Amino acid sequence: MNRILIEFAHPAIQKSRINRQLIDMVKKLDYVTVNDLYENYPDFFIDVKKEQQLLLNHDIIIWHHPFYWYSAPAILIEWMDLVLEHGWAYGEHGRILEGKSVLSVISTGGRREVYSKEGRNQYTMNEFLVPFKQSANLCRMEYLPPFIVHGAHTIKNSEIDAYAVQYKKVLNILGRGDIDKIEMKKAAYFNDLIE
Amino acid sequence: MYNQDFFFQALIYLLAAVVSVPLAKKLGMVSVLGYLLAGILIGPFVLGLVGQEASDVMHFAEFGVVLMLFVIGLELEPSLLWKMRKSIFGLGGLQVLFTSVVIAAVALVFGFQLNRAVGIGLILALSSTAIVLQTLTEKGLIRNIAGKSAFSVLLFQDIMVVPILAIIPVLAAFNAPGNLADTQLDKLTGVAALPGWAQLLVIIAAIAAIILLGKFVSKHIFRFIAETNLHEVFTAMALLLVIGIALAMDAIGLSPALGTFIAGVVLADSEYRHELESTIDPFKGLLLGLFFISVGASINFLLFIEDPFRIVGYVLLLVFLKFLVLLVLGRFFKLKKGYEFLFAFLLAQSSEFAFVLISFSRQSQLFEEKTGGLLLLVVTLSMALSPLLLLFNEKAVSPILARWQNKLEYDDVEAQEKPIILAGFGRFGLAVGRLLLANGFKVTIIDNNPANVEVLRKFGFKLYYGDVTRPQVLENAGIANARLLILSMAEYDNALKVAEFVRKKFPEVKILARAKDIYHAFEFIKLNVNTIQREMFNSGLELGTKALEHLGFARYEAHRSARFFKHHEDEVFMELYEHWLEDHSHFVKETRRFSEQLSETLMAEKNFSIHEADCAWDVESVREEAKASLKINEKK
């Protein structure tokens, strides 16, 4: 089983419907570690040594967060700033994360069609996520197609339930390493692979 | 010869005070009782070291009362006094009226003539300013609501001394019809000899003079003297001021104590207030002590031995009647929660003014010698009883009341099923409580400082007066189902005691505690207290951060540095705890404690470098790598 580390970033989890339910669904899986960044570092003082050790202990890293300003909440960016050190995660001698995989798990307010050339946001999710993808690449990690929950503002409870089940399925697939690499390269979203 | 005698007397009085007062204090009594006992001891009936001159000493020492009122006036701003006018004239007036009526009625029953009964009532209605105020100051009750009420009453009684002095000869005139009254009136001096309206005018003029002098003239005099930088001259001036006013008041037949009190109030606003206070204070203390000793020494035990049961009966009856009237009035003036008992016990004795009034009544032939002597004895004994009454209130009455009231209060809070109990609502607890309240939590706040409770209640905090070290109080507050128990009190040992008790009896209750220093924190950890906050560490760090900023750090850099330091400290803390567990059997003396702590902390810190922080923002290694690759490209 691959060990999965979820770097979870939501500054107001008590107000969240979707992300709380998603996390609740998977946090008990024995091959999954949930690292709730806002809970662990309310003062943004991230313990770099501890975080690096966590990364080393897992095979797949998940950046799980709501989509804020077409990016991640501040603490995840802070985490990247501090934990992914030069000479450790990237750079000539920074090869320690090589071979691991990264998955973005994101909830957005807008529906999928809004994230297109014709839509209000003008760009696709994959285009918005290029900085994350390239960050993973810089650290010699594989960036998987993102798992995205669209339409967070209008979503029904039954739909959230369905997404939660899907999330668990995603983790199960990743945990078993049961991925068709070629299929995956073609997919825009991880969601598309499991339907 | 006289000198030798004087010094011998001084030796005896001082020795008695130095020996008995600390002893009394050790036994948990107020100093007044110590002085009284010392007086009895050196008096003619035990050791006989002082004799008849004790009453002369007493007259001299009465000046201590005058000084005391001056000092109390200094601590009272005029605005505060104005606020108290209702209780001075309302509560004070009713107390004198009702108490003298009740006592007079009882005196009638004992077979005294009406005029004598009225005289006795008026004289015994007064309470002892000296004893009560000394006790209030000593116990820190002067700002307490019961203390303030008592003070108002005493103030009114002081004012009443003047009219009572005027009434006594009139009462005496009814004794034997004839021209006795006329001869008595001739003897009157000062204000009392004038017709009513003139008396009032003189009084007003005198008070106005004091106020005007104090407000506009004294400032210049004090400055002139202060500029000489001779402290003893300042002392002389302060004494001169008080003695001058006292003599002037005496000359027009007003109470000297009242006059100096007004002078004190007037000077309360002046910049010399603290200097005056600290100058007068030692004189006040010594003279008052002397006064109490002489009261003790002048107790006439011969009269007492003649019929001890009757005398004791009189004393108890007097105290009981006064107590009853005070209790009812206290209730009527909205004193609650045991404060009415404190108020009543405080004022249940008779006054040192009674000595003056009784001797004046004898001169005016209102009483016979025997009645006068009897009254003196009863008054003195009631004063001696006073500290015991307060002790009784403290040890017996107020715990019972507290238990009873806690029950009642518990009924109030019962709606809260899982209370958050906050023990201690001073500087520290206030911040904790306010944050919780601001977030909409209902907090059961318990504090053992009545003054705090009073003030905070005014601002709408729901606060209970109680001592959490008493299990009953915690249990009534609902500790068994408490969500949290927050120990934010500054009584560190008590906090540990409470934590230990709660851990033992209610192991599932979460405890959060304020710790004094790391050793105190260790004790809490050992007791499995859930969260501990050292009271000084964070604010020290905050100021340190500001210091770094002033030293040129960018604000964020300073902030990060402090955060890093704090997290490091948390690790050191646990390390030190392990050490402490191993060898805390070795006793660290309180005074050595801090330096010990310091050296241990610094030892653990030797290998610590703050530069390990925030490496990722240090671009040095990236730059080197970039330069290196640039060189390779150039070669290509």
# chains A, B, ... in the order shown; residues from 1 in each chain; ligands from 1
$ interface_residues --of "chain B" --to "chain A" --cutoff "7 Å" --atoms "only C-alpha atoms" --output "compact mmCIF listing (two decimals) with N, CA and C atoms, in the first residue's frame"
# COMPACT_ATOMS: atom_id res chain seq x y z
N ASP B 614 13.77 29.59 9.43
CA ASP B 614 13.40 30.15 8.13
C ASP B 614 14.50 30.05 7.09
N ALA B 616 14.49 28.48 4.39
CA ALA B 616 14.00 28.50 3.02
C ALA B 616 14.01 29.90 2.43
N VAL B 622 20.67 29.04 -3.24
CA VAL B 622 20.12 29.12 -4.59
C VAL B 622 21.02 29.97 -5.47
$ select_by_dssp --residues "stretch 78-184 of chain A" --states "strand (DSSP E or B)" --output "MDAnalysis selection string"
chainID A and resid 86 90 101:107 142:143 147:149
$ atom_distance --atom1 "atom CA of B:Met536" --atom2 "atom CA of B:Glu569"
13.5 Å
$ atom_distance --atom1 "atom CA of A:Arg111" --atom2 "atom CA of A:Pro145"
17.5 Å
$ closest_residue --among "B:His231, B:Asp5, B:Gly259, B:Gly285" --to "B:Leu133" --atoms "only C-alpha atoms"
B:Gly285
$ residues_around --residues "stretch 236-250 of chain B" --least-positions-apart "4" --cutoff "10 Å" --atoms "only C-alpha atoms" --output "MDAnalysis selection string"
chainID B and resid 63 66:67 70 190:191 203 206:207 210 214 218 221:222 225 231:232 254:264 275:277 279:280 283
$ write_last_selection --atoms "N, CA, C and O atoms" --output "compact mmCIF listing (two decimals), in the first residue's frame"
# COMPACT_ATOMS: atom_id res chain seq x y z
N PHE B 63 -5.30 62.22 70.59
CA PHE B 63 -4.84 62.97 69.44
C PHE B 63 -4.55 62.05 68.25
O PHE B 63 -4.61 62.44 67.10
N VAL B 66 -7.40 62.02 66.03
CA VAL B 66 -7.42 63.22 65.19
C VAL B 66 -6.50 63.04 63.98
O VAL B 66 -6.88 63.32 62.84
N LEU B 67 -5.30 62.52 64.23
CA LEU B 67 -4.36 62.28 63.13
C LEU B 67 -4.92 61.26 62.15
O LEU B 67 -4.78 61.39 60.94
N PHE B 70 -7.31 62.78 59.86
CA PHE B 70 -6.61 63.60 58.88
C PHE B 70 -6.10 62.73 57.72
O PHE B 70 -6.31 63.03 56.55
N GLY B 190 -17.35 78.04 74.28
CA GLY B 190 -17.34 77.86 72.83
C GLY B 190 -18.71 77.93 72.21
O GLY B 190 -19.60 78.63 72.68
N VAL B 191 -18.83 77.15 71.15
CA VAL B 191 -20.03 77.21 70.33
C VAL B 191 -21.29 76.87 71.11
O VAL B 191 -22.34 77.48 70.93
N ILE B 203 -19.89 77.30 62.94
CA ILE B 203 -19.44 76.01 62.37
C ILE B 203 -19.14 76.19 60.87
O ILE B 203 -18.09 75.78 60.38
N ALA B 206 -16.03 78.19 60.34
CA ALA B 206 -14.82 77.43 60.64
C ALA B 206 -14.48 76.49 59.50
O ALA B 206 -13.33 76.41 59.05
N ILE B 207 -15.50 75.78 59.03
CA ILE B 207 -15.27 74.82 57.94
C ILE B 207 -14.81 75.56 56.69
O ILE B 207 -13.87 75.14 56.00
N ILE B 210 -11.19 76.49 56.94
CA ILE B 210 -10.29 75.35 56.69
C ILE B 210 -10.19 75.08 55.20
O ILE B 210 -9.10 74.89 54.64
N GLY B 214 -6.84 75.54 53.11
CA GLY B 214 -6.29 74.32 52.52
C GLY B 214 -6.15 74.46 51.02
O GLY B 214 -5.17 74.01 50.42
N SER B 218 -2.26 76.75 51.71
CA SER B 218 -1.35 75.69 52.14
C SER B 218 -0.35 75.32 51.06
O SER B 218 0.80 75.01 51.33
N ILE B 221 2.68 77.45 51.19
CA ILE B 221 3.49 77.16 52.37
C ILE B 221 4.25 75.86 52.18
O ILE B 221 5.46 75.79 52.42
N PHE B 222 3.56 74.83 51.73
CA PHE B 222 4.21 73.53 51.57
C PHE B 222 5.32 73.60 50.52
O PHE B 222 6.37 73.00 50.68
N ILE B 225 8.33 75.23 52.00
CA ILE B 225 9.07 74.36 52.91
C ILE B 225 9.74 73.21 52.17
O ILE B 225 10.89 72.86 52.44
N HIS B 231 13.59 67.55 55.44
CA HIS B 231 12.39 66.75 55.65
C HIS B 231 11.77 66.98 57.01
O HIS B 231 10.56 66.98 57.16
N GLU B 232 12.65 67.19 58.02
CA GLU B 232 12.09 67.33 59.37
C GLU B 232 11.26 68.61 59.49
O GLU B 232 10.31 68.67 60.27
N LEU B 254 -15.81 72.68 68.53
CA LEU B 254 -16.09 71.66 67.52
C LEU B 254 -15.18 70.46 67.74
O LEU B 254 -14.16 70.57 68.40
N SER B 255 -15.56 69.34 67.12
CA SER B 255 -14.73 68.15 67.25
C SER B 255 -13.44 68.34 66.45
O SER B 255 -13.48 68.58 65.25
N PRO B 256 -12.28 68.24 67.12
CA PRO B 256 -11.00 68.38 66.40
C PRO B 256 -10.86 67.35 65.29
O PRO B 256 -10.34 67.66 64.22
N ALA B 257 -11.35 66.16 65.56
CA ALA B 257 -11.25 65.10 64.55
C ALA B 257 -11.97 65.51 63.28
O ALA B 257 -11.47 65.31 62.17
N LEU B 258 -13.14 66.10 63.45
CA LEU B 258 -13.92 66.52 62.29
C LEU B 258 -13.17 67.60 61.51
O LEU B 258 -13.09 67.56 60.28
N GLY B 259 -12.58 68.54 62.25
CA GLY B 259 -11.84 69.63 61.60
C GLY B 259 -10.67 69.12 60.79
O GLY B 259 -10.51 69.47 59.62
N THR B 260 -9.87 68.22 61.38
CA THR B 260 -8.70 67.73 60.64
C THR B 260 -9.13 66.84 59.49
O THR B 260 -8.47 66.79 58.46
N PHE B 261 -10.27 66.17 59.69
CA PHE B 261 -10.76 65.34 58.59
C PHE B 261 -11.05 66.22 57.37
O PHE B 261 -10.65 65.91 56.25
N ILE B 262 -11.73 67.33 57.61
CA ILE B 262 -12.05 68.23 56.51
C ILE B 262 -10.76 68.76 55.87
O ILE B 262 -10.62 68.79 54.64
N ALA B 263 -9.81 69.12 56.72
CA ALA B 263 -8.52 69.59 56.19
C ALA B 263 -7.89 68.52 55.32
O ALA B 263 -7.35 68.81 54.24
N GLY B 264 -7.97 67.28 55.78
CA GLY B 264 -7.41 66.17 55.00
C GLY B 264 -8.07 66.06 53.64
O GLY B 264 -7.41 65.93 52.61
N GLU B 275 3.20 62.82 50.46
CA GLU B 275 4.23 63.23 51.39
C GLU B 275 3.64 63.45 52.78
O GLU B 275 4.16 62.97 53.78
N LEU B 276 2.50 64.15 52.81
CA LEU B 276 1.82 64.40 54.09
C LEU B 276 1.42 63.08 54.74
O LEU B 276 1.61 62.87 55.94
N GLU B 277 0.86 62.20 53.92
CA GLU B 277 0.37 60.94 54.45
C GLU B 277 1.49 60.14 55.09
O GLU B 277 1.35 59.64 56.21
N THR B 279 4.25 61.22 56.17
CA THR B 279 4.83 61.92 57.32
C THR B 279 4.01 61.70 58.58
O THR B 279 4.54 61.43 59.66
N ILE B 280 2.70 61.82 58.43
CA ILE B 280 1.80 61.75 59.58
C ILE B 280 1.61 60.30 60.06
O ILE B 280 1.41 60.04 61.24
N PHE B 283 3.20 58.82 63.33
CA PHE B 283 2.66 59.46 64.53
C PHE B 283 1.28 58.92 64.85
O PHE B 283 0.95 58.61 65.99
$ residues_around --residues "stretch 460-470 of chain B" --least-positions-apart "2" --cutoff "9 Å" --atoms "only C-alpha atoms" --output "short mmCIF file (atom, residue, chain, number, x, y, z; two decimals) with N, CA, C and O atoms, in the first residue's frame"
data_model
loop_
_atom_site.label_atom_id
_atom_site.label_comp_id
_atom_site.auth_asym_id
_atom_site.auth_seq_id
_atom_site.Cartn_x
_atom_site.Cartn_y
_atom_site.Cartn_z
N ALA B 402 -21.68 32.36 53.77
CA ALA B 402 -21.13 32.07 52.45
C ALA B 402 -21.67 30.75 51.93
O ALA B 402 -22.07 30.63 50.77
N ASN B 406 -23.87 30.56 48.71
CA ASN B 406 -23.41 29.80 47.56
C ASN B 406 -24.50 28.86 47.08
O ASN B 406 -24.66 28.63 45.90
N GLU B 409 -26.81 30.95 45.14
CA GLU B 409 -26.26 31.31 43.84
C GLU B 409 -26.21 30.12 42.92
O GLU B 409 -26.42 30.23 41.72
N ALA B 423 -11.68 30.60 37.99
CA ALA B 423 -11.35 30.96 39.37
C ALA B 423 -10.28 32.04 39.37
O ALA B 423 -9.16 31.81 38.91
N GLY B 424 -10.62 33.21 39.85
CA GLY B 424 -9.67 34.33 39.87
C GLY B 424 -9.96 35.27 38.73
O GLY B 424 -9.85 34.90 37.57
N PHE B 425 -10.38 36.46 39.07
CA PHE B 425 -10.78 37.40 38.01
C PHE B 425 -10.03 38.71 38.21
O PHE B 425 -10.62 39.77 38.22
N VAL B 443 -19.76 32.02 31.54
CA VAL B 443 -18.67 31.62 32.41
C VAL B 443 -19.07 31.83 33.87
O VAL B 443 -19.63 32.87 34.21
N THR B 444 -18.83 30.83 34.68
CA THR B 444 -19.07 30.97 36.11
C THR B 444 -17.80 31.49 36.75
O THR B 444 -16.83 30.76 36.88
N ILE B 445 -17.80 32.76 37.08
CA ILE B 445 -16.58 33.40 37.57
C ILE B 445 -16.59 33.45 39.09
O ILE B 445 -17.57 33.89 39.69
N ILE B 446 -15.54 32.98 39.70
CA ILE B 446 -15.45 33.02 41.16
C ILE B 446 -14.20 33.79 41.55
O ILE B 446 -13.11 33.51 41.03
N ASP B 447 -14.36 34.76 42.41
CA ASP B 447 -13.21 35.53 42.86
C ASP B 447 -13.31 35.71 44.37
O ASP B 447 -14.39 35.79 44.92
N ASN B 448 -12.14 35.77 45.02
CA ASN B 448 -12.18 35.87 46.48
C ASN B 448 -11.87 37.28 46.97
O ASN B 448 -11.63 37.49 48.14
N ASN B 449 -11.86 38.23 46.05
CA ASN B 449 -11.61 39.61 46.46
C ASN B 449 -12.92 40.40 46.37
O ASN B 449 -13.41 40.68 45.28
N PRO B 450 -13.50 40.74 47.53
CA PRO B 450 -14.82 41.38 47.51
C PRO B 450 -14.81 42.69 46.73
O PRO B 450 -15.80 43.01 46.06
N VAL B 453 -15.10 41.89 43.10
CA VAL B 453 -16.43 41.39 42.80
C VAL B 453 -17.40 42.55 42.66
O VAL B 453 -18.18 42.64 41.72
N GLU B 454 -17.24 43.48 43.59
CA GLU B 454 -18.14 44.62 43.62
C GLU B 454 -18.03 45.44 42.33
O GLU B 454 -19.02 45.75 41.67
N LEU B 456 -16.64 44.67 39.39
CA LEU B 456 -16.93 43.97 38.14
C LEU B 456 -18.42 43.71 37.99
O LEU B 456 -18.94 43.69 36.88
N ARG B 457 -19.09 43.54 39.11
CA ARG B 457 -20.53 43.37 39.02
C ARG B 457 -21.18 44.60 38.45
O ARG B 457 -22.13 44.52 37.69
N LYS B 458 -20.65 45.75 38.84
CA LYS B 458 -21.19 47.01 38.33
C LYS B 458 -21.11 47.05 36.81
O LYS B 458 -21.91 47.67 36.15
N GLN B 472 -16.61 22.83 48.90
CA GLN B 472 -18.04 23.10 48.80
C GLN B 472 -18.34 24.14 47.72
O GLN B 472 -19.29 24.00 46.95
N VAL B 473 -17.51 25.17 47.64
CA VAL B 473 -17.74 26.24 46.66
C VAL B 473 -17.67 25.69 45.24
O VAL B 473 -18.53 25.95 44.41
N LEU B 474 -16.64 24.89 44.99
CA LEU B 474 -16.48 24.30 43.65
C LEU B 474 -17.63 23.36 43.33
O LEU B 474 -18.14 23.35 42.21
N GLU B 475 -18.03 22.59 44.32
CA GLU B 475 -19.10 21.64 44.06
C GLU B 475 -20.41 22.35 43.77
O GLU B 475 -21.17 21.97 42.88
N ASN B 494 -2.60 27.93 46.36
CA ASN B 494 -4.00 27.55 46.37
C ASN B 494 -4.41 26.93 45.04
O ASN B 494 -5.18 25.96 45.01
N ALA B 495 -3.90 27.48 43.95
CA ALA B 495 -4.23 26.94 42.63
C ALA B 495 -3.80 25.48 42.55
O ALA B 495 -4.54 24.62 42.05
N LYS B 497 -3.44 23.47 45.05
CA LYS B 497 -4.30 22.70 45.95
C LYS B 497 -5.61 22.34 45.25
O LYS B 497 -6.07 21.20 45.30
N VAL B 498 -6.17 23.33 44.57
CA VAL B 498 -7.43 23.10 43.87
C VAL B 498 -7.25 22.07 42.77
O VAL B 498 -8.04 21.14 42.62
N PHE B 501 -7.01 18.63 44.21
CA PHE B 501 -8.31 18.16 44.69
C PHE B 501 -9.20 17.73 43.53
O PHE B 501 -9.80 16.66 43.54
#
$ select_by_dssp --residues "stretch 340-424 of chain B" --states "helix (DSSP H, G or I)" --output "VMD selection string"
chain B and resid 340 to 346 353 to 363 369 to 413
$ residues_around --residues "A:Asp161" --least-positions-apart "3" --cutoff "9 Å" --atoms "only C-alpha atoms" --output "list in words"
Ile18, Gln21, Leu22, Lys156, Asn157, Ser158, Ala164, Val165 and Gln166 of chain A
$ residues_around --residues "B:Lys505" --least-positions-apart "5" --cutoff "10 Å" --atoms "only C-alpha atoms" --output "VMD selection string"
chain B and resid 479 to 480 499 to 500
$ closest_residue --among "B:Gly552, B:Arg116, B:Ser127, B:Arg85" --to "B:Gly372" --atoms "only C-alpha atoms"
B:Arg116
$ residues_around --residues "B:Leu47" --least-positions-apart "4" --cutoff "12 Å" --atoms "only C-alpha atoms" --output "list in words"
Ile12, Ala16, Ala38, Gly39, Ile40, Leu41, Ile42, Gly43, Gly51 and Ala297 of chain B
$ write_last_selection --atoms "N, CA, C and O atoms" --output "short mmCIF file (atom, residue, chain, number, x, y, z; two decimals), in the first residue's frame"
data_model
loop_
_atom_site.label_atom_id
_atom_site.label_comp_id
_atom_site.auth_asym_id
_atom_site.auth_seq_id
_atom_site.Cartn_x
_atom_site.Cartn_y
_atom_site.Cartn_z
N ILE B 12 7.68 51.46 79.35
CA ILE B 12 6.64 50.46 79.65
C ILE B 12 5.65 50.36 78.49
O ILE B 12 5.34 49.27 78.00
N ALA B 16 5.28 47.18 76.05
CA ALA B 16 4.01 46.45 76.01
C ALA B 16 3.52 46.32 74.58
O ALA B 16 3.08 45.25 74.14
N ALA B 38 -2.34 44.54 76.07
CA ALA B 38 -1.12 45.10 76.63
C ALA B 38 -1.47 46.10 77.73
O ALA B 38 -0.86 46.12 78.80
N GLY B 39 -2.50 46.92 77.46
CA GLY B 39 -2.94 47.90 78.44
C GLY B 39 -3.43 47.25 79.72
O GLY B 39 -3.05 47.65 80.83
N ILE B 40 -4.25 46.23 79.56
CA ILE B 40 -4.76 45.53 80.74
C ILE B 40 -3.60 44.95 81.54
O ILE B 40 -3.55 45.03 82.77
N LEU B 41 -2.63 44.40 80.80
CA LEU B 41 -1.49 43.75 81.42
C LEU B 41 -0.66 44.72 82.27
O LEU B 41 -0.29 44.42 83.40
N ILE B 42 -0.37 45.89 81.72
CA ILE B 42 0.47 46.83 82.47
C ILE B 42 -0.37 47.69 83.41
O ILE B 42 0.17 48.44 84.23
N GLY B 43 -1.68 47.57 83.33
CA GLY B 43 -2.58 48.38 84.13
C GLY B 43 -2.53 48.05 85.60
O GLY B 43 -1.88 47.06 86.01
N GLY B 51 -0.44 53.54 86.53
CA GLY B 51 -1.55 53.71 87.47
C GLY B 51 -2.57 54.69 86.96
O GLY B 51 -2.97 54.63 85.80
N ALA B 297 -5.62 49.97 80.03
CA ALA B 297 -5.09 50.18 81.38
C ALA B 297 -6.11 50.83 82.30
O ALA B 297 -6.03 50.68 83.52
#
